[in-house]
file input.cif (mmCIF, C-alpha atoms)
data_target
loop_
_atom_site.label_atom_id
_atom_site.label_comp_id
_atom_site.auth_asym_id
_atom_site.auth_seq_id
_atom_site.Cartn_x
_atom_site.Cartn_y
_atom_site.Cartn_z
CA MET A 750 -12.04 -24.16 2.19
CA LEU A 751 -10.58 -26.09 5.09
CA ALA A 752 -7.17 -24.48 4.69
CA ILE A 753 -8.49 -20.94 4.51
CA ALA A 754 -10.82 -21.52 7.44
CA LYS A 755 -7.88 -22.76 9.49
CA LYS A 756 -5.80 -19.80 8.40
CA LEU A 757 -8.56 -17.42 9.44
CA GLY A 758 -9.06 -19.12 12.77
CA LEU A 759 -12.59 -20.33 12.04
CA THR A 760 -13.80 -23.20 14.15
CA ARG A 761 -15.67 -26.28 13.08
CA THR A 762 -18.72 -27.25 15.05
CA ALA A 763 -19.21 -30.86 16.07
CA GLY A 764 -21.78 -32.62 13.96
CA GLU A 765 -21.25 -30.50 10.90
CA SER A 766 -19.63 -31.84 7.77
CA THR A 767 -15.98 -31.05 7.13
CA LEU A 768 -16.89 -28.18 4.84
CA MET A 769 -19.36 -26.52 7.14
CA PHE A 770 -18.12 -23.94 9.56
CA ARG A 771 -19.86 -22.27 12.40
CA ARG A 772 -21.22 -18.90 11.42
CA ARG A 773 -21.49 -16.56 14.32
CA VAL A 774 -24.49 -14.33 14.64
CA GLN A 775 -23.47 -11.07 13.04
CA THR A 776 -22.53 -8.33 15.43
CA ALA A 777 -23.42 -4.72 14.76
CA ALA A 778 -19.81 -4.14 13.65
CA GLU A 779 -20.01 -6.98 11.14
CA GLN A 780 -23.30 -5.72 9.80
CA GLU A 781 -21.66 -2.34 9.43
CA ALA A 782 -18.77 -3.95 7.54
CA LEU A 783 -21.17 -5.64 5.18
CA ALA A 784 -22.95 -2.37 4.60
CA LEU A 785 -19.74 -0.94 3.17
CA VAL A 786 -20.09 -3.15 0.15
CA PRO A 787 -23.31 -3.65 -1.78
CA ASP A 788 -24.82 -6.77 -0.36
CA ALA A 789 -26.49 -9.06 -2.87
CA THR A 790 -24.39 -8.00 -5.82
CA VAL A 791 -21.13 -8.76 -4.03
CA ARG A 792 -22.46 -11.96 -2.52
CA ALA A 793 -23.24 -13.15 -6.06
CA ALA A 794 -19.49 -13.31 -6.65
CA PHE A 795 -19.33 -16.09 -4.06
CA LYS A 796 -20.37 -19.64 -4.84
CA ASP A 797 -21.98 -19.98 -1.41
CA PRO A 798 -22.87 -17.24 1.08
CA PRO A 799 -19.55 -15.81 2.28
CA ILE A 800 -18.39 -16.04 5.88
CA VAL A 801 -18.05 -12.65 7.54
CA GLN A 802 -15.01 -12.64 9.76
CA GLU A 803 -13.09 -10.15 11.88
CA LEU A 804 -9.45 -11.26 11.73
CA ASP A 805 -7.98 -12.15 15.10
CA GLN A 806 -4.45 -11.93 13.70
CA ASP A 807 -2.67 -10.36 10.75
CA LEU A 808 -3.25 -12.20 7.48
CA ILE A 809 -1.10 -12.14 4.34
CA VAL A 810 -3.18 -12.13 1.17
CA TYR A 811 -2.45 -11.79 -2.54
CA ARG A 812 -3.99 -9.68 -5.24
CA GLN A 813 -3.79 -10.69 -8.90
CA TRP A 814 -3.97 -7.63 -11.09
CA GLY A 815 -3.05 -6.11 -14.44
CA ASN A 816 -4.64 -4.39 -17.42
CA ARG A 817 -7.97 -3.00 -16.12
CA ALA A 818 -7.42 -4.05 -12.53
CA ALA A 819 -5.33 -1.76 -10.35
CA GLU A 820 -2.76 -3.03 -7.88
CA SER A 821 -4.91 -2.07 -4.93
CA GLY A 822 -8.50 -3.15 -4.55
CA ARG A 823 -11.00 -5.18 -2.58
CA TRP A 824 -10.47 -8.71 -3.92
CA PHE A 825 -7.71 -11.03 -2.78
CA SER A 826 -6.80 -14.68 -2.49
CA PRO A 827 -5.32 -16.30 0.60
CA GLN A 828 -2.55 -17.90 -1.43
CA PRO A 829 -0.55 -16.81 -4.48
CA TYR A 830 -1.09 -18.59 -7.78
CA SER A 831 1.81 -19.96 -9.80
CA SER A 832 0.59 -18.35 -13.04
CA PRO A 833 -2.16 -16.16 -14.48
CA ALA A 834 -3.44 -19.26 -16.26
CA ARG A 835 -4.24 -20.78 -12.88
CA ALA A 836 -5.45 -17.63 -11.11
CA ARG A 837 -7.90 -16.47 -13.79
CA PRO A 838 -10.12 -19.58 -13.87
CA TYR A 839 -10.14 -20.46 -10.17
CA LEU A 840 -10.78 -16.90 -9.04
CA ALA A 841 -13.20 -16.35 -11.95
CA LEU A 842 -11.47 -13.10 -12.78
CA PRO A 843 -13.09 -10.73 -15.27
CA ASN A 844 -11.75 -10.62 -18.82
CA GLY A 845 -10.12 -7.29 -18.07
CA ILE A 846 -7.81 -8.72 -15.43
CA THR A 847 -4.73 -10.33 -16.88
CA ALA A 848 -3.42 -11.40 -13.45
CA ALA A 849 0.04 -10.86 -14.90
CA ASN A 850 1.06 -9.28 -11.59
CA THR A 851 0.68 -10.45 -8.02
CA THR A 852 1.15 -8.23 -4.99
CA ALA A 853 1.15 -9.38 -1.38
CA PHE A 854 -0.78 -7.36 1.21
CA ARG A 855 -1.08 -7.60 4.97
CA LEU A 856 -4.54 -7.36 6.47
CA PRO A 857 -4.14 -6.26 10.09
CA ALA A 858 -5.88 -8.04 12.95
CA GLY A 859 -9.32 -6.56 13.44
CA THR A 860 -9.96 -6.19 9.70
CA LYS A 861 -13.38 -7.36 8.60
CA VAL A 862 -13.45 -9.61 5.55
CA LEU A 863 -15.85 -11.72 3.52
CA VAL A 864 -14.45 -15.17 2.78
CA GLY A 865 -15.65 -17.89 0.45
CA ARG A 866 -15.21 -19.60 -2.88
CA ALA A 867 -15.42 -17.75 -6.17
CA ALA A 868 -18.68 -18.33 -8.03
CA PRO A 869 -18.47 -19.59 -11.59
CA GLN A 870 -18.90 -16.78 -14.10
CA THR A 871 -18.83 -18.78 -17.33
CA GLY A 872 -21.27 -17.25 -19.75
CA THR A 873 -21.46 -14.03 -17.77
CA ILE A 874 -20.86 -10.71 -19.52
CA GLY A 875 -17.34 -9.49 -18.86
CA PHE A 876 -15.99 -12.96 -18.09
CA GLY A 877 -14.61 -15.71 -20.26
CA SER A 878 -15.48 -19.38 -20.55
CA TYR A 879 -12.40 -20.09 -18.42
CA ALA A 880 -14.01 -18.49 -15.33
CA VAL A 881 -15.08 -21.69 -13.57
CA GLY A 882 -14.45 -20.36 -10.06
CA GLY A 883 -14.02 -22.51 -6.96
CA GLY A 884 -10.88 -20.82 -5.66
CA ASP A 885 -10.81 -19.28 -2.19
CA GLN A 886 -11.27 -15.53 -2.29
CA ILE A 887 -11.47 -12.67 0.16
CA CYS A 888 -13.43 -9.47 -0.28
CA LEU A 889 -12.40 -6.49 1.79
CA PRO A 890 -15.24 -4.06 2.50
CA ASP A 891 -12.71 -1.34 3.36
CA PRO A 892 -9.88 -1.48 0.80
CA THR A 893 -7.77 1.02 2.73
CA ALA A 894 -7.19 -1.64 5.39
CA ALA A 895 -4.83 -3.60 3.12
CA VAL A 896 -1.16 -2.75 3.61
CA ARG A 897 1.04 -3.45 0.61
CA ILE A 898 4.06 -5.57 1.44
CA PRO A 899 7.14 -4.08 -0.29
CA MET B 912 -38.52 -0.72 -7.20
CA LYS B 913 -39.39 -2.48 -10.44
CA VAL B 914 -36.89 -1.88 -13.23
CA SER B 915 -38.30 -0.27 -16.35
CA THR B 916 -36.91 0.09 -19.83
CA ALA B 917 -36.71 3.86 -19.32
CA ARG B 918 -34.71 3.44 -16.11
CA ILE B 919 -32.18 1.16 -17.80
CA ARG B 920 -31.89 3.39 -20.85
CA ARG B 921 -31.21 6.43 -18.70
CA LEU B 922 -28.47 4.49 -16.97
CA ILE B 923 -26.97 3.31 -20.27
CA ALA B 924 -26.83 6.91 -21.47
CA LYS B 925 -25.10 7.96 -18.26
CA ALA B 926 -22.63 5.08 -18.52
CA GLU B 927 -21.86 5.87 -22.15
CA ALA B 928 -21.07 9.46 -21.22
CA GLU B 929 -18.82 8.21 -18.42
CA SER B 930 -17.13 5.77 -20.79
CA VAL B 931 -16.14 8.62 -23.12
CA LEU B 932 -14.58 10.47 -20.20
CA ARG B 933 -12.69 7.47 -18.84
CA GLY B 934 -11.51 5.94 -22.11
CA SER B 935 -10.53 2.28 -21.94
CA GLN B 936 -9.93 2.22 -18.19
CA GLY B 937 -12.12 0.18 -15.90
CA TYR B 938 -15.25 -1.83 -16.53
CA VAL B 939 -17.75 0.71 -17.78
CA PRO B 940 -17.94 -0.92 -21.25
CA ASP B 941 -18.79 -4.29 -19.66
CA VAL B 942 -21.36 -2.57 -17.46
CA ILE B 943 -22.97 -1.02 -20.55
CA ASN B 944 -23.12 -4.43 -22.24
CA THR B 945 -24.72 -5.94 -19.16
CA LEU B 946 -27.30 -3.15 -18.97
CA ARG B 947 -28.21 -3.76 -22.63
CA VAL B 948 -28.75 -7.46 -21.93
CA MET B 949 -30.79 -6.55 -18.84
CA GLU B 950 -33.00 -4.31 -20.95
CA ALA B 951 -33.65 -7.16 -23.36
CA ALA B 952 -34.34 -9.56 -20.49
CA LEU B 953 -36.91 -7.52 -18.58
CA GLY B 954 -39.66 -9.97 -17.77
CA ALA B 955 -37.37 -12.99 -18.00
CA PRO B 956 -37.56 -15.66 -15.25
CA ARG B 957 -35.87 -14.69 -12.00
CA GLU B 958 -33.09 -17.30 -12.32
CA GLU B 959 -32.13 -15.90 -15.71
CA ARG B 960 -32.12 -12.35 -14.35
CA LYS B 961 -29.90 -13.41 -11.47
CA LYS B 962 -27.47 -15.06 -13.88
CA ILE B 963 -27.26 -11.94 -16.05
CA THR B 964 -26.27 -9.77 -13.11
CA SER B 965 -24.10 -12.32 -11.29
CA GLY B 966 -20.84 -10.79 -12.46
CA LEU B 967 -21.82 -7.16 -12.12
CA GLY B 968 -20.95 -6.84 -8.43
CA ARG B 969 -17.51 -8.30 -9.03
CA LEU B 970 -16.87 -5.91 -11.93
CA VAL B 971 -18.05 -2.77 -10.18
CA THR B 972 -16.28 -3.50 -6.90
CA ASP B 973 -13.01 -4.12 -8.72
CA ASP B 974 -13.17 -0.66 -10.26
CA GLU B 975 -12.87 1.66 -7.27
CA PRO B 976 -13.52 4.96 -9.13
CA LEU B 977 -16.66 3.40 -10.61
CA LEU B 978 -17.80 1.99 -7.27
CA GLN B 979 -17.34 5.36 -5.58
CA SER B 980 -19.25 7.20 -8.30
CA GLU B 981 -22.94 7.98 -8.53
CA LEU B 982 -23.05 5.82 -11.67
CA GLY B 983 -21.57 2.79 -9.90
CA LEU B 984 -23.98 2.95 -6.99
CA GLU B 985 -26.90 3.42 -9.35
CA VAL B 986 -25.82 0.41 -11.44
CA LEU B 987 -25.69 -1.78 -8.34
CA LYS B 988 -29.07 -0.54 -7.18
CA VAL B 989 -30.65 -1.28 -10.56
CA ALA B 990 -28.96 -4.69 -10.62
CA GLU B 991 -30.40 -5.55 -7.21
CA ASP B 992 -33.87 -4.43 -8.24
CA PHE B 993 -33.53 -6.37 -11.49
CA ARG B 994 -32.67 -9.53 -9.58
CA LYS B 995 -35.55 -9.09 -7.15
CA TYR B 996 -38.47 -7.95 -9.27
#
call {"tool": "encode", "arguments": {"input": "input.cif", "output": "structure tokens"}}
result
Amino acid sequence: MLAIAKKLGLTRTAGESTLMFRRRVQTAAEQEALALVPDATVRAAFKDPPIVQELDQDLIVYRQWGNRAAESGRWFSPQPYSSPARARPYLALPNGITAANTTAFRLPAGTKVLVGRAAPQTGTIGFGSYAVGGGDQICLPDPTAAVRIP
Amino acid sequence: MKVSTARIRRLIAKAEAESVLRGSQGYVPDVINTLRVMEAALGAPREERKKITSGLGRLVTDDEPLLQSELGLEVLKVAEDFRKY
């Protein structure tokens, strides 16, 4: 979480533990961004409540896809995984995603994202016992904001 | 709004019809399975209901055609109501 927070330019507030980051009061624009994705149902995919952030600089992210998952979408990770066997558990990917492919995307500065750790989905319908979660993930309320890197 | 058996069954029927149209693409079959479990768990403790629907948002939002459809939005609405009530 520390690495992704640093990458996203989040600041740590004095007195908070190393894993706690200051959460700004949501602006109207951020509330609007959240409204683009169903609230509670999407938040349930995060282990803890996600941080809503407007990027202050471009960010390169990675999407693991294949089989039922298309190349473009709303879910990304801030770093690539070395193999599907690593991506699938940490990102708690659904059974239908093989993660056989990885595509890099650029999220332009100003893009609104939800950031946090993947919730465990073991025992959940549509997920396997491998889906332990814990990996850093990014949800993009507006998927058209992601620019595929050739 | 409280979720009833009739409401879930109507949604299952709609999802099954959609599944025939879409074939093996996307997550509609998993959504149908989740709805069936939800139907059986009406009246279960809240924590159990939350667990049942915890993956549904991830599934639906990773299937853009489903998310943009009337069915997808209805599934998410029912899931939220199911978690709450």
call {"tool": "resolve_selection", "arguments": {"input": "input.cif", "expression": "the PyMOL selection byres ((chain A and resi 802) around 8)", "output": "PyMOL selection string"}}
result
chain A and resi 779+800-801+803-804+861-864
call {"tool": "resolve_selection", "arguments": {"input": "input.cif", "expression": "the PyMOL selection byres ((chain B and resi 925) around 12)", "output": "list in words"}}
result
Arg918, Ile919, Arg920, Arg921, Leu922, Ile923, Ala924, Ala926, Glu927, Ala928, Glu929, Ser930, Val931, Leu932, Val939, Pro940, Val942, Ile943, Leu946, Ser980, Glu981, Leu982, Gly983, Glu985 and Val986 of chain B
call {"tool": "residues_around", "arguments": {"input": "input.cif", "residues": "segment 818-828 of chain A", "least_positions_apart": "4", "cutoff": "9 Å", "atoms": "all atoms listed in the file", "output": "PyMOL selection string"}}
result
(chain A and resi 753+756+808-814+840+845-848+850-852+854+884-893+895+897) or (chain B and resi 936-937+969+972-975)
call {"tool": "closest_atom_pairs", "arguments": {"input": "input.cif", "of": "chain A", "to": "chain B", "cutoff": "9 Å", "atoms": "all atoms listed in the file", "output": "Markdown table"}}
result
| residue | atom | partner | partner_atom | distance |
| --- | --- | --- | --- | --- |
| A:Val786 | CA | B:Thr972 | CA | 8.0 |
| A:Pro787 | CA | B:Leu987 | CA | 7.2 |
| A:Asp788 | CA | B:Glu991 | CA | 8.9 |
| A:Ala789 | CA | B:Glu991 | CA | 6.8 |
| A:Thr790 | CA | B:Gly968 | CA | 4.5 |
| A:Val791 | CA | B:Gly968 | CA | 4.8 |
| A:Arg792 | CA | B:Gly968 | CA | 8.0 |
| A:Ala793 | CA | B:Ser965 | CA | 5.4 |
| A:Ala794 | CA | B:Arg969 | CA | 5.9 |
| A:Asn816 | CA | B:Gln936 | CA | 8.5 |
| A:Arg817 | CA | B:Gly937 | CA | 5.2 |
| A:Ala818 | CA | B:Asp973 | CA | 6.8 |
| A:Ala819 | CA | B:Asp974 | CA | 7.9 |
| A:Gly822 | CA | B:Asp973 | CA | 6.2 |
| A:Arg823 | CA | B:Asp973 | CA | 6.5 |
| A:Trp824 | CA | B:Asp973 | CA | 7.1 |
| A:Leu842 | CA | B:Arg969 | CA | 8.6 |
| A:Pro843 | CA | B:Leu970 | CA | 7.0 |
| A:Gly845 | CA | B:Tyr938 | CA | 7.6 |
| A:Ala868 | CA | B:Ser965 | CA | 8.7 |
| A:Gln870 | CA | B:Gly966 | CA | 6.5 |
| A:Gly872 | CA | B:Lys962 | CA | 8.8 |
| A:Thr873 | CA | B:Gly966 | CA | 6.3 |
| A:Ile874 | CA | B:Thr945 | CA | 6.1 |
| A:Gly875 | CA | B:Asp941 | CA | 5.5 |
| A:Phe876 | CA | B:Gly966 | CA | 7.7 |
call {"tool": "closest_residue", "arguments": {"input": "input.cif", "among": "B:Gly934, B:Leu977, B:Val989, B:Lys995", "to": "Arg960 of chain B", "atoms": "all atoms listed in the file"}}
result
B:Lys995
call {"tool": "atom_distance", "arguments": {"input": "input.cif", "atom1": "atom CA of Lys796 of chain A", "atom2": "atom CA of Pro857 of chain A"}}
result
25.8 Å
call {"tool": "atom_distance", "arguments": {"input": "input.cif", "atom1": "atom CA of Asp992 of chain B", "atom2": "atom CA of Met912 of chain B"}}
result
6.0 Å
call {"tool": "atom_distance", "arguments": {"input": "input.cif", "atom1": "atom CA of Ala867 of chain A", "atom2": "atom CA of Tyr839 of chain A"}}
result
7.2 Å
call {"tool": "axis_aligned_box", "arguments": {"input": "input.cif", "around": "segment 917-932 of chain B", "padding_each_side": "5 Å", "output": "lines of an AutoDock Vina configuration file"}}
result
center_x = -25.6
center_y = 5.8
center_z = -19.6
size_x = 32.1
size_y = 19.3
size_z = 17.0
call {"tool": "residues_around", "arguments": {"input": "input.cif", "residues": "Pro838 of chain A", "least_positions_apart": "5", "cutoff": "8 Å", "atoms": "only C-alpha atoms", "output": "PDB file with C-alpha atoms, in the frame of the given file"}}
result
ATOM      1  CA  TYR A 879     -12.400 -20.090 -18.420  1.00  0.00           C
ATOM      2  CA  ALA A 880     -14.010 -18.490 -15.330  1.00  0.00           C
ATOM      3  CA  VAL A 881     -15.080 -21.690 -13.570  1.00  0.00           C
ATOM      4  CA  GLY A 882     -14.450 -20.360 -10.060  1.00  0.00           C
TER       5      GLY A 882
END
call {"tool": "decode", "arguments": {"input": "input.cif", "residues": "segment 920-963 of chain B", "atoms": "C-alpha atoms", "output": "PDB file, in the first residue's frame"}}
result
ATOM      1  CA  ARG B 920     -36.887 -15.156  -9.689  1.00  0.00           C
ATOM      2  CA  ARG B 921     -37.887 -12.486 -12.186  1.00  0.00           C
ATOM      3  CA  LEU B 922     -34.261 -11.429 -12.384  1.00  0.00           C
ATOM      4  CA  ILE B 923     -33.042 -15.013 -12.816  1.00  0.00           C
ATOM      5  CA  ALA B 924     -35.465 -15.459 -15.715  1.00  0.00           C
ATOM      6  CA  LYS B 925     -34.210 -12.253 -17.313  1.00  0.00           C
ATOM      7  CA  ALA B 926     -30.587 -13.310 -16.826  1.00  0.00           C
ATOM      8  CA  GLU B 927     -31.235 -16.749 -18.292  1.00  0.00           C
ATOM      9  CA  ALA B 928     -32.742 -15.173 -21.389  1.00  0.00           C
ATOM     10  CA  GLU B 929     -29.710 -12.884 -21.666  1.00  0.00           C
ATOM     11  CA  SER B 930     -27.373 -15.841 -21.200  1.00  0.00           C
ATOM     12  CA  VAL B 931     -28.901 -17.610 -24.207  1.00  0.00           C
ATOM     13  CA  LEU B 932     -28.338 -14.515 -26.324  1.00  0.00           C
ATOM     14  CA  ARG B 933     -24.747 -13.965 -25.204  1.00  0.00           C
ATOM     15  CA  GLY B 934     -23.546 -17.569 -25.172  1.00  0.00           C
ATOM     16  CA  SER B 935     -20.454 -18.227 -23.083  1.00  0.00           C
ATOM     17  CA  GLN B 936     -19.226 -14.640 -23.054  1.00  0.00           C
ATOM     18  CA  GLY B 937     -19.110 -12.639 -19.858  1.00  0.00           C
ATOM     19  CA  TYR B 938     -20.288 -13.401 -16.365  1.00  0.00           C
ATOM     20  CA  VAL B 939     -24.024 -13.889 -16.729  1.00  0.00           C
ATOM     21  CA  PRO B 940     -23.809 -17.600 -15.733  1.00  0.00           C
ATOM     22  CA  ASP B 941     -21.988 -16.665 -12.511  1.00  0.00           C
ATOM     23  CA  VAL B 942     -24.568 -13.954 -11.870  1.00  0.00           C
ATOM     24  CA  ILE B 943     -27.364 -16.509 -12.272  1.00  0.00           C
ATOM     25  CA  ASN B 944     -25.643 -18.845  -9.805  1.00  0.00           C
ATOM     26  CA  THR B 945     -25.264 -16.018  -7.311  1.00  0.00           C
ATOM     27  CA  LEU B 946     -28.924 -15.050  -7.667  1.00  0.00           C
ATOM     28  CA  ARG B 947     -29.942 -18.661  -6.971  1.00  0.00           C
ATOM     29  CA  VAL B 948     -27.853 -18.697  -3.802  1.00  0.00           C
ATOM     30  CA  MET B 949     -29.343 -15.327  -2.819  1.00  0.00           C
ATOM     31  CA  GLU B 950     -32.835 -16.735  -3.233  1.00  0.00           C
ATOM     32  CA  ALA B 951     -31.979 -19.624  -0.927  1.00  0.00           C
ATOM     33  CA  ALA B 952     -30.406 -17.260   1.602  1.00  0.00           C
ATOM     34  CA  LEU B 953     -33.245 -14.761   1.969  1.00  0.00           C
ATOM     35  CA  GLY B 954     -33.577 -14.244   5.697  1.00  0.00           C
ATOM     36  CA  ALA B 955     -29.992 -15.278   6.408  1.00  0.00           C
ATOM     37  CA  PRO B 956     -27.901 -13.132   8.792  1.00  0.00           C
ATOM     38  CA  ARG B 957     -26.604  -9.906   7.280  1.00  0.00           C
ATOM     39  CA  GLU B 958     -22.941 -10.979   7.354  1.00  0.00           C
ATOM     40  CA  GLU B 959     -23.783 -14.079   5.335  1.00  0.00           C
ATOM     41  CA  ARG B 960     -25.762 -12.028   2.826  1.00  0.00           C
ATOM     42  CA  LYS B 961     -22.860  -9.618   2.434  1.00  0.00           C
ATOM     43  CA  LYS B 962     -20.476 -12.512   1.814  1.00  0.00           C
ATOM     44  CA  ILE B 963     -22.737 -14.005  -0.858  1.00  0.00           C
TER      45      ILE B 963
END
